[in-house]
Each structure stands twice: as structure tokens, then as C-alpha cells.
Amino acid sequence: MTFILEGPVMEGALVRLEPLEHRHAADLAVAAEEDRGTYAFTSVPRVHEVGDYIEAHLTRAAAGRLAPYAQISVATGRVVGTTSYCEPRCWLSEDQLDAIEVGFTWLARSAQGTGINAESKLLLFRHAFEEWGVSRVDLLSDARNGRSRAAIESVGARLEGVLRNWSRSRTPGDENRLRDTAIYSITAEEWPECRGRLEARVRKSVLAERETVR
């Protein structure tokens, strides 16, 4: 039996992660255009690109290389971004997942800083470590992307190094160029401490949201 990369629906107090489908396109287009000033180093589709963006993700999913998600705000019921499991590695046996990357992540400007990113990571990491039994989870960023790297570090991932000319740049104006990539990871041994930190952050965000509603 060979491991098949399929992510389940996951829901927390702030965010619901649903496998990405074309029915999410309308909300995703609105989210992508809210304020593009925070997307300097991140690949986020324009309105007319959303359909192709989803189709490309589904094609990779069909090939077993990606499990893409729509990030849905529990408070509003609207799609506020995407995230994915990607690059599964089964090193010791074909039926056991040893490592996975979490990537292709972006959020609408209004969803940033709300705790949605922290809870999404909590849900994804928890499933990877506690259900799939992985030994590590990877997170990658353009080395120039200080905002992304700060967010990755805030969820407890550790920097392993910067790989020069590692992959194609997705930054506008960098067409046909390679980028330096910062590699972060969380190991199974580090997961309990990381989980505690993420749960504390989510609780704080939930309390803040309740106070705002009042």
C-alpha cells in the first residue's frame, strides 16, 4: 500500500480548512484583491487568474504532490486565503509519511493578525504529527520576505539555513529568476512545545475576538 496525500476537513474556533475546490473561487477573488500591498514576495492570483490558480492546485493534487485548502473564517463563513500540504516524502516505507511541507499560504489583509494563521498551522501541524506520524514539517520562504519569515518563526519553526538560487522566484518583476530560499522546520520532538505555544496564541486571539464582538 502506498501513502496517498489527502487532507481532511479541519475546523477550529477561528478557521475552517476545507479541501480547495472551484466553488471557493468567488470568495477567493475578493480576498486576493483586498489589499495587495502585503504580497510583495508571495504568489497570490489576481481576479482573472483565480480559476486557473485553483485548477493548477487541483492538478498537482491529482498527482499526489499537493493537498490544497481554502482557509475559511468561522466568524464570517467567507474564504480568506489558501494553504496546502505539499512535497510529501516517504523515506522508510511507501505507506508511511516521514515528512511534509506546509506552503502556498496567503491570507486576505483583513485576516492577517487575527489568529487565523496560527490556528491554521495548529490544525495542519497537529494532523501531520499526530495522525500521519511525520518526523518533520517544513516551511519555506523567499529569503527576502521578512513578513513571511517572522510569521514562520512565530509559530515555533526553526531556521535550518538559506539555500542560494534554490527555486524560481514568484515575486513580480523577478520573472525567469531564481530566489534564495529560507528553510524552516519543526521536528516531532519539538512538536509538543510548539503545540503549546500555538494553542496559547489561539486562545488569546479567540478572547480578543469575543471582546471585539461585545
# chains A, B, ... in the order shown; residues from 1 in each chain; ligands from 1

call {"tool": "select_by_dssp", "arguments": {"residues": "chain A", "states": "helix (DSSP H, G or I)", "output": "PyMOL selection string"}}
result
chain A and resi 22-32+36-38+47-62+109-111+116-130+146-154+191-213

call {"tool": "select_by_dssp", "arguments": {"residues": "chain A", "states": "strand (DSSP E)", "output": "MDAnalysis selection string"}}
result
chainID A and resid 10:11 15:19 66:73 79:89 99:107 136:142 158:168 178:187

call {"tool": "atom_distance", "arguments": {"atom1": "CA of Thr83 in chain A", "atom2": "CA of Gln96 in chain A"}}
result
22.6 Å

call {"tool": "residues_around", "arguments": {"residues": "Glu6 in chain A", "least_positions_apart": "4", "cutoff": "9 Å", "atoms": "only C-alpha atoms", "output": "count of residues only"}}
result
6

call {"tool": "residues_around", "arguments": {"residues": "Pro192 in chain A", "least_positions_apart": "5", "cutoff": "12 Å", "atoms": "only C-alpha atoms", "output": "list of chain:residue names"}}
result
A:Leu122, A:Phe125, A:Arg126, A:Phe129, A:Glu130, A:Gly156, A:Ile186, A:Thr187, A:Arg197, A:Leu198, A:Glu199

call {"tool": "write_last_selection", "arguments": {"atoms": "all heavy atoms", "output": "CSV table (one decimal), in the first residue's frame"}}
result
chain,number,residue,atom,x,y,z
A,122,LEU,N,-1.7,25.3,13.5
A,122,LEU,CA,-2.0,24.3,14.6
A,122,LEU,C,-2.8,23.1,14.1
A,122,LEU,O,-2.4,22.0,14.4
A,122,LEU,CB,-2.8,25.0,15.7
A,122,LEU,CG,-3.3,24.1,16.9
A,122,LEU,CD1,-2.2,23.5,17.6
A,122,LEU,CD2,-4.2,24.9,17.8
A,125,PHE,N,-0.3,21.2,11.5
A,125,PHE,CA,0.8,20.5,12.2
A,125,PHE,C,0.3,19.4,13.0
A,125,PHE,O,0.8,18.3,13.0
A,125,PHE,CB,1.5,21.5,13.1
A,125,PHE,CG,2.2,22.6,12.4
A,125,PHE,CD1,2.7,23.7,13.1
A,125,PHE,CD2,2.4,22.6,11.0
A,125,PHE,CE1,3.4,24.7,12.5
A,125,PHE,CE2,3.1,23.6,10.4
A,125,PHE,CZ,3.6,24.7,11.1
A,126,ARG,N,-0.8,19.6,13.7
A,126,ARG,CA,-1.4,18.6,14.6
A,126,ARG,C,-1.7,17.3,13.8
A,126,ARG,O,-1.4,16.2,14.2
A,126,ARG,CB,-2.6,19.1,15.4
A,126,ARG,CG,-3.1,18.1,16.4
A,126,ARG,CD,-4.1,18.8,17.3
A,126,ARG,NE,-5.3,19.3,16.6
A,126,ARG,CZ,-6.1,20.1,17.1
A,126,ARG,NH1,-6.0,20.7,18.3
A,126,ARG,NH2,-7.2,20.5,16.4
A,129,PHE,N,1.6,15.6,12.6
A,129,PHE,CA,2.4,14.9,13.6
A,129,PHE,C,1.6,13.8,14.3
A,129,PHE,O,2.1,12.7,14.6
A,129,PHE,CB,2.9,15.9,14.7
A,129,PHE,CG,4.0,16.7,14.2
A,129,PHE,CD1,3.9,18.1,14.0
A,129,PHE,CD2,5.3,16.2,13.9
A,129,PHE,CE1,5.0,18.9,13.6
A,129,PHE,CE2,6.4,16.9,13.5
A,129,PHE,CZ,6.2,18.3,13.3
A,130,GLU,N,0.3,14.0,14.6
A,130,GLU,CA,-0.4,13.1,15.5
A,130,GLU,C,-1.3,12.1,14.7
A,130,GLU,O,-1.6,11.1,15.3
A,130,GLU,CB,-1.3,14.0,16.4
A,130,GLU,CG,-0.5,14.9,17.3
A,130,GLU,CD,-1.3,15.7,18.3
A,130,GLU,OE1,-2.5,15.4,18.4
A,130,GLU,OE2,-0.7,16.7,18.8
A,156,GLY,N,6.9,28.8,15.9
A,156,GLY,CA,7.8,27.9,16.5
A,156,GLY,C,8.8,27.1,15.6
A,156,GLY,O,9.5,26.2,16.1
A,186,ILE,N,10.0,22.1,11.8
A,186,ILE,CA,9.6,21.6,13.2
A,186,ILE,C,9.7,20.1,13.2
A,186,ILE,O,9.2,19.4,12.3
A,186,ILE,CB,8.1,22.0,13.5
A,186,ILE,CG1,8.0,23.6,13.5
A,186,ILE,CG2,7.7,21.5,14.9
A,186,ILE,CD1,6.5,24.0,13.5
A,187,THR,N,10.4,19.5,14.2
A,187,THR,CA,10.5,18.1,14.3
A,187,THR,C,9.5,17.5,15.3
A,187,THR,O,8.9,18.3,16.1
A,187,THR,CB,11.9,17.7,14.7
A,187,THR,OG1,12.1,18.1,16.1
A,187,THR,CG2,13.0,18.3,13.8
A,197,ARG,N,2.6,26.5,22.4
A,197,ARG,CA,2.7,27.9,22.0
A,197,ARG,C,1.6,28.3,21.1
A,197,ARG,O,1.0,29.4,21.3
A,197,ARG,CB,4.1,28.2,21.4
A,197,ARG,CG,5.2,28.1,22.3
A,197,ARG,CD,6.5,28.2,21.6
A,197,ARG,NE,6.7,29.5,20.9
A,197,ARG,CZ,7.8,29.8,20.1
A,197,ARG,NH1,8.8,29.0,20.1
A,197,ARG,NH2,7.8,31.0,19.5
A,198,LEU,N,1.3,27.5,20.1
A,198,LEU,CA,0.2,27.8,19.2
A,198,LEU,C,-1.2,27.8,19.9
A,198,LEU,O,-2.0,28.7,19.6
A,198,LEU,CB,0.2,26.8,18.0
A,198,LEU,CG,1.3,27.0,17.0
A,198,LEU,CD1,1.3,25.8,16.0
A,198,LEU,CD2,1.1,28.3,16.2
A,199,GLU,N,-1.4,26.9,20.7
A,199,GLU,CA,-2.7,26.8,21.5
A,199,GLU,C,-2.9,28.1,22.3
A,199,GLU,O,-4.0,28.6,22.4
A,199,GLU,CB,-2.8,25.6,22.3
A,199,GLU,CG,-2.9,24.3,21.5
A,199,GLU,CD,-2.9,23.0,22.3
A,199,GLU,OE1,-2.3,23.1,23.5
A,199,GLU,OE2,-3.4,22.0,21.9

call {"tool": "residues_around", "arguments": {"residues": "Asn117 in chain A", "least_positions_apart": "3", "cutoff": "12 Å", "atoms": "only C-alpha atoms", "output": "number ranges by chain"}}
result
A: 12, 14-17, 71-73, 80-83, 102-103, 105-114, 120-125, 148, 151-152, 154-155, 198, 201-202, 205

call {"tool": "write_last_selection", "arguments": {"atoms": "N, CA, C and O atoms", "output": "short mmCIF file (atom, residue, chain, number, x, y, z; two decimals), in the first residue's frame"}}
result
data_model
loop_
_atom_site.label_atom_id
_atom_site.label_comp_id
_atom_site.auth_asym_id
_atom_site.auth_seq_id
_atom_site.Cartn_x
_atom_site.Cartn_y
_atom_site.Cartn_z
N GLY A 12 -11.36 24.82 13.66
CA GLY A 12 -11.05 25.31 14.99
C GLY A 12 -12.04 26.39 15.38
O GLY A 12 -13.14 26.48 14.82
N LEU A 14 -11.45 29.67 15.05
CA LEU A 14 -11.32 30.83 14.17
C LEU A 14 -11.36 30.49 12.70
O LEU A 14 -11.78 31.32 11.88
N VAL A 15 -10.90 29.29 12.34
CA VAL A 15 -10.76 28.97 10.92
C VAL A 15 -11.22 27.54 10.64
O VAL A 15 -11.07 26.64 11.47
N ARG A 16 -11.80 27.38 9.45
CA ARG A 16 -12.17 26.07 8.95
C ARG A 16 -11.35 25.82 7.69
O ARG A 16 -11.31 26.67 6.79
N LEU A 17 -10.67 24.69 7.63
CA LEU A 17 -9.87 24.33 6.46
C LEU A 17 -10.64 23.30 5.64
O LEU A 17 -10.90 22.20 6.12
N GLN A 71 -8.89 28.54 3.28
CA GLN A 71 -8.98 28.96 4.68
C GLN A 71 -10.26 29.80 4.82
O GLN A 71 -10.40 30.83 4.16
N ILE A 72 -11.16 29.35 5.66
CA ILE A 72 -12.47 29.99 5.80
C ILE A 72 -12.63 30.55 7.20
O ILE A 72 -12.45 29.84 8.20
N SER A 73 -12.94 31.83 7.29
CA SER A 73 -13.18 32.47 8.58
C SER A 73 -14.44 31.89 9.21
O SER A 73 -15.51 31.92 8.60
N VAL A 80 -10.85 33.30 3.12
CA VAL A 80 -9.93 34.42 3.34
C VAL A 80 -8.52 34.11 2.87
O VAL A 80 -7.60 34.92 3.06
N GLY A 81 -8.31 32.95 2.22
CA GLY A 81 -6.98 32.62 1.72
C GLY A 81 -6.84 31.14 1.45
O GLY A 81 -7.83 30.39 1.48
N THR A 82 -5.62 30.73 1.18
CA THR A 82 -5.35 29.31 0.92
C THR A 82 -4.13 28.87 1.72
O THR A 82 -3.34 29.68 2.20
N THR A 83 -3.97 27.57 1.83
CA THR A 83 -2.77 26.95 2.38
C THR A 83 -2.76 25.52 1.88
O THR A 83 -3.77 25.04 1.35
N VAL A 102 4.38 22.52 4.57
CA VAL A 102 3.17 23.34 4.58
C VAL A 102 3.53 24.63 3.85
O VAL A 102 4.47 25.33 4.22
N GLY A 103 2.79 24.91 2.78
CA GLY A 103 3.14 26.08 1.97
C GLY A 103 1.97 26.58 1.15
O GLY A 103 0.81 26.24 1.42
N THR A 105 0.74 29.42 1.19
CA THR A 105 -0.13 30.07 2.17
C THR A 105 -0.23 31.57 1.94
O THR A 105 0.79 32.24 1.78
N TRP A 106 -1.44 32.09 1.90
CA TRP A 106 -1.65 33.54 1.91
C TRP A 106 -3.02 33.83 2.52
O TRP A 106 -3.92 33.00 2.51
N LEU A 107 -3.14 35.02 3.08
CA LEU A 107 -4.38 35.46 3.70
C LEU A 107 -4.75 36.86 3.22
O LEU A 107 -3.87 37.69 2.98
N ALA A 108 -6.02 37.11 3.12
CA ALA A 108 -6.51 38.47 2.84
C ALA A 108 -6.00 39.41 3.92
O ALA A 108 -5.79 39.01 5.07
N ARG A 109 -5.81 40.67 3.58
CA ARG A 109 -5.27 41.64 4.54
C ARG A 109 -6.10 41.68 5.82
O ARG A 109 -5.55 41.76 6.92
N SER A 110 -7.42 41.60 5.71
CA SER A 110 -8.28 41.71 6.88
C SER A 110 -8.15 40.50 7.81
O SER A 110 -8.52 40.57 8.99
N ALA A 111 -7.64 39.37 7.29
CA ALA A 111 -7.50 38.16 8.10
C ALA A 111 -6.12 38.04 8.74
O ALA A 111 -5.91 37.21 9.63
N GLN A 112 -5.21 38.89 8.32
CA GLN A 112 -3.86 38.86 8.88
C GLN A 112 -3.87 39.44 10.29
O GLN A 112 -4.53 40.43 10.57
N GLY A 113 -3.13 38.80 11.19
CA GLY A 113 -3.05 39.28 12.56
C GLY A 113 -4.26 38.96 13.41
O GLY A 113 -4.40 39.50 14.52
N THR A 114 -5.15 38.09 12.93
CA THR A 114 -6.38 37.76 13.66
C THR A 114 -6.29 36.45 14.42
O THR A 114 -7.22 36.09 15.15
N SER A 120 -4.59 27.86 11.76
CA SER A 120 -4.41 27.01 10.57
C SER A 120 -3.17 26.13 10.73
O SER A 120 -3.20 24.93 10.46
N LYS A 121 -2.07 26.77 11.19
CA LYS A 121 -0.84 26.00 11.39
C LYS A 121 -1.04 24.94 12.48
O LYS A 121 -0.55 23.81 12.36
N LEU A 122 -1.74 25.30 13.54
CA LEU A 122 -2.01 24.34 14.62
C LEU A 122 -2.75 23.13 14.06
O LEU A 122 -2.39 21.97 14.36
N LEU A 123 -3.78 23.35 13.27
CA LEU A 123 -4.57 22.25 12.71
C LEU A 123 -3.73 21.40 11.76
O LEU A 123 -3.77 20.16 11.82
N LEU A 124 -2.97 22.05 10.89
CA LEU A 124 -2.17 21.32 9.90
C LEU A 124 -1.04 20.54 10.58
O LEU A 124 -0.80 19.37 10.25
N PHE A 125 -0.34 21.19 11.48
CA PHE A 125 0.77 20.52 12.16
C PHE A 125 0.25 19.36 13.01
O PHE A 125 0.84 18.28 13.03
N SER A 148 6.95 37.11 5.95
CA SER A 148 6.69 35.67 5.96
C SER A 148 7.60 34.95 6.95
O SER A 148 7.15 34.08 7.71
N ALA A 151 6.44 35.42 10.46
CA ALA A 151 5.25 34.61 10.74
C ALA A 151 5.63 33.15 10.97
O ALA A 151 5.08 32.49 11.87
N ILE A 152 6.55 32.65 10.17
CA ILE A 152 7.00 31.26 10.32
C ILE A 152 7.70 31.07 11.67
O ILE A 152 7.44 30.11 12.40
N SER A 154 7.23 32.78 14.29
CA SER A 154 6.28 32.98 15.39
C SER A 154 5.51 31.72 15.74
O SER A 154 4.96 31.62 16.84
N VAL A 155 5.43 30.75 14.82
CA VAL A 155 4.72 29.51 15.11
C VAL A 155 5.66 28.44 15.66
O VAL A 155 5.25 27.30 15.89
N LEU A 198 1.26 27.49 20.15
CA LEU A 198 0.20 27.81 19.19
C LEU A 198 -1.16 27.83 19.88
O LEU A 198 -1.99 28.71 19.61
N ARG A 201 -1.55 31.06 21.70
CA ARG A 201 -1.81 32.17 20.79
C ARG A 201 -3.25 32.17 20.31
O ARG A 201 -3.90 33.22 20.20
N VAL A 202 -3.76 30.97 19.99
CA VAL A 202 -5.13 30.88 19.50
C VAL A 202 -6.10 31.28 20.60
O VAL A 202 -7.07 32.02 20.35
N SER A 205 -6.23 34.98 20.80
CA SER A 205 -6.95 35.57 19.67
C SER A 205 -8.45 35.38 19.80
O SER A 205 -9.24 36.28 19.46
#

call {"tool": "decode", "arguments": {"residues": "range 170-189 of chain A", "atoms": "N, CA, C and O atoms", "output": "short mmCIF file (atom, residue, chain, number, x, y, z; two decimals), in the first residue's frame"}}
result
data_model
loop_
_atom_site.label_atom_id
_atom_site.label_comp_id
_atom_site.auth_asym_id
_atom_site.auth_seq_id
_atom_site.Cartn_x
_atom_site.Cartn_y
_atom_site.Cartn_z
N ARG A 170 8.79 33.90 -7.29
CA ARG A 170 7.39 34.21 -7.60
C ARG A 170 7.10 35.69 -7.40
O ARG A 170 5.95 36.11 -7.42
N THR A 171 8.14 36.48 -7.21
CA THR A 171 7.98 37.90 -6.97
C THR A 171 7.77 38.65 -8.28
O THR A 171 8.54 38.45 -9.23
N PRO A 172 6.74 39.51 -8.38
CA PRO A 172 6.54 40.30 -9.59
C PRO A 172 7.80 41.07 -9.95
O PRO A 172 8.43 41.70 -9.09
N GLY A 173 8.19 41.01 -11.22
CA GLY A 173 9.41 41.67 -11.67
C GLY A 173 10.62 40.75 -11.66
O GLY A 173 11.68 41.10 -12.18
N ASP A 174 10.46 39.56 -11.05
CA ASP A 174 11.56 38.60 -10.99
C ASP A 174 11.38 37.45 -11.97
O ASP A 174 11.94 36.38 -11.79
N GLU A 175 10.60 37.67 -13.02
CA GLU A 175 10.35 36.60 -13.97
C GLU A 175 11.67 36.01 -14.49
O GLU A 175 12.61 36.74 -14.79
N ASN A 176 11.70 34.68 -14.58
CA ASN A 176 12.87 33.94 -15.08
C ASN A 176 14.10 34.12 -14.20
O ASN A 176 15.23 34.01 -14.67
N ARG A 177 13.87 34.41 -12.91
CA ARG A 177 14.98 34.50 -11.96
C ARG A 177 14.82 33.46 -10.86
O ARG A 177 13.71 32.97 -10.61
N LEU A 178 15.91 33.12 -10.23
CA LEU A 178 15.90 32.21 -9.10
C LEU A 178 15.98 33.00 -7.80
O LEU A 178 16.52 34.10 -7.78
N ARG A 179 15.47 32.41 -6.74
CA ARG A 179 15.48 33.08 -5.45
C ARG A 179 16.29 32.28 -4.43
O ARG A 179 16.45 31.06 -4.56
N ASP A 180 16.76 32.98 -3.42
CA ASP A 180 17.33 32.31 -2.25
C ASP A 180 16.16 31.93 -1.35
O ASP A 180 15.23 32.74 -1.14
N THR A 181 16.17 30.72 -0.82
CA THR A 181 15.05 30.21 -0.03
C THR A 181 15.47 29.90 1.40
O THR A 181 16.43 29.16 1.63
N ALA A 182 14.75 30.48 2.36
CA ALA A 182 14.98 30.18 3.77
C ALA A 182 14.19 28.94 4.14
O ALA A 182 12.98 28.86 3.89
N ILE A 183 14.88 27.95 4.72
CA ILE A 183 14.26 26.67 5.07
C ILE A 183 14.06 26.60 6.59
O ILE A 183 15.01 26.75 7.36
N TYR A 184 12.83 26.37 7.00
CA TYR A 184 12.49 26.21 8.41
C TYR A 184 11.88 24.82 8.62
O TYR A 184 11.35 24.21 7.68
N SER A 185 11.93 24.35 9.86
CA SER A 185 11.31 23.06 10.15
C SER A 185 10.88 22.98 11.61
O SER A 185 11.35 23.72 12.47
N ILE A 186 9.96 22.05 11.85
CA ILE A 186 9.58 21.63 13.19
C ILE A 186 9.70 20.11 13.20
O ILE A 186 9.19 19.44 12.28
N THR A 187 10.36 19.54 14.18
CA THR A 187 10.50 18.10 14.27
C THR A 187 9.49 17.53 15.25
O THR A 187 8.90 18.26 16.06
N ALA A 188 9.33 16.21 15.21
CA ALA A 188 8.39 15.56 16.11
C ALA A 188 8.75 15.81 17.57
O ALA A 188 7.86 15.97 18.42
N GLU A 189 10.06 15.88 17.86
CA GLU A 189 10.49 16.14 19.23
C GLU A 189 10.12 17.55 19.69
O GLU A 189 9.88 17.79 20.88
#
